[in-house]
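Asker: Next up is a structure, given as structure tokens.
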Amino acid sequence: MHVLLEGYYRLLKLLLTLLMAVLIVPVAMQILSRYTGVIPRYIWTEEIARFCFVWVIMIGAMIAVRDGTHFDVDVMPHSRRKWVELALRLLVNLAMLAMAVSFLWWGWDFGILGSRQRSEISGLPMLAIYIAWPLAGATWTLFLLERIWADIIEFRRGGPDGSR
């Protein structure tokens, strides 16, 4: 399973890179059309840039959850006891998991709503944007379950310093 999640993670990083490159095109067209007369003003560039930006944010959040850099706030003092550290990591991961499941659950309805709509300018189905929320929830769930499992395995092995 770890190999599949690692492959999915690499795919997400590739998609993020491609979307950033694609985002540059409509934004550059908007800038050129606004400040020069080189190209005409296209309306669709704003919509495509917004769609790309939404996906960049959601895929970036998926990657950050896997990296463990999405939400990382130290509010509790660190403990020398490994079980306390495990409990605190599990608490944070379970809270994030609850949010991930809510994105998946309510994002599904959000996607159904998007499947019945089209964008006004380009005519693209809005499902192309709305599906980002349940996909993010599902991805976060997978990555968080992987992290929870890894934390439990590390604790059982004795942690990084070999003691419990």
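Ligands are numbered from 1 in the order shown, chains are lettered A, B, ... in the order of the structure tokens, and residues start at 1 in each chain.
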Give me the residues within 10 Å of region 133-149 of chain A as an NGL selection string, counting only C-alpha atoms and dropping any in the same chain fewer than 5 places off.
Answerer: :A and (1-2 or 5-6 or 8-9 or 54-55 or 58-68 or 86 or 89-94 or 96-111 or 154-155)
Asker: Taking only chain A into account, list the residues labelled alpha helix (DSSP H) by DSSP (computed from the backbone), as a VMD selection string.
Answerer: chain A and resid 2 to 35 44 to 67 82 to 115 127 to 130 132 to 157
Asker: Tell me which protein, DNA and RNA residues are within 9 Å of Cys52 (chain A), counting only C-alpha atoms, leaving out same-chain ones fewer than 2 positions away, and put them as a PyMOL selection string.
Answerer: chain A and resi 19-20+22-23+47-50+54-57+129
Asker: Could you write out that same residue set with C-alpha atoms as a compact mmCIF listing (two decimals), in the first residue's frame?
Answerer:
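Below is the file again.txt, written as the result:
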# COMPACT_ATOMS: atom_id res chain seq x y z
CA LEU A 19 -0.89 23.21 -13.16
CA MET A 20 1.50 25.92 -12.06
CA VAL A 22 -0.62 26.11 -17.09
CA LEU A 23 -1.62 28.87 -14.66
CA GLU A 47 -11.93 31.75 -15.55
CA ILE A 48 -9.23 29.26 -16.54
CA ALA A 49 -6.76 30.96 -14.18
CA ARG A 50 -9.28 30.67 -11.33
CA VAL A 54 -8.36 26.16 -7.12
CA TRP A 55 -6.71 22.92 -8.19
CA VAL A 56 -3.23 24.23 -7.24
CA ILE A 57 -4.51 24.99 -3.74
CA ILE A 129 -13.77 22.25 -10.07
Asker: Tell me which of A:Asp151, A:Arg10, A:Tyr42, A:His70 sits closest to Glu85 (chain A), counting only C-alpha atoms.
Answerer: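 Nearest candidate to Glu85 (chain A) out of A:Asp151, A:Arg10, A:Tyr42, A:His70: A:Asp151.
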Asker: For CA of Tyr130 (chain A) and CA of Leu113 (chain A), quote the distance in Å rounded to one decimal.
Answerer: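 For CA of Tyr130 (chain A) relative to CA of Leu113 (chain A), the distance reads 8.0 Å.
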Asker: Between CA of Arg41 (chain A) and CA of Val27 (chain A), what is the distance, to one decimal in Å?
Answerer: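 Distance between the two atoms: 11.6 Å.
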Asker: Quick one: distance from CA of Leu18 (chain A) to CA of Trp44 (chain A) in Å, one decimal?
Answerer: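 Separation between CA of Leu18 (chain A) and CA of Trp44 (chain A): 19.3 Å.
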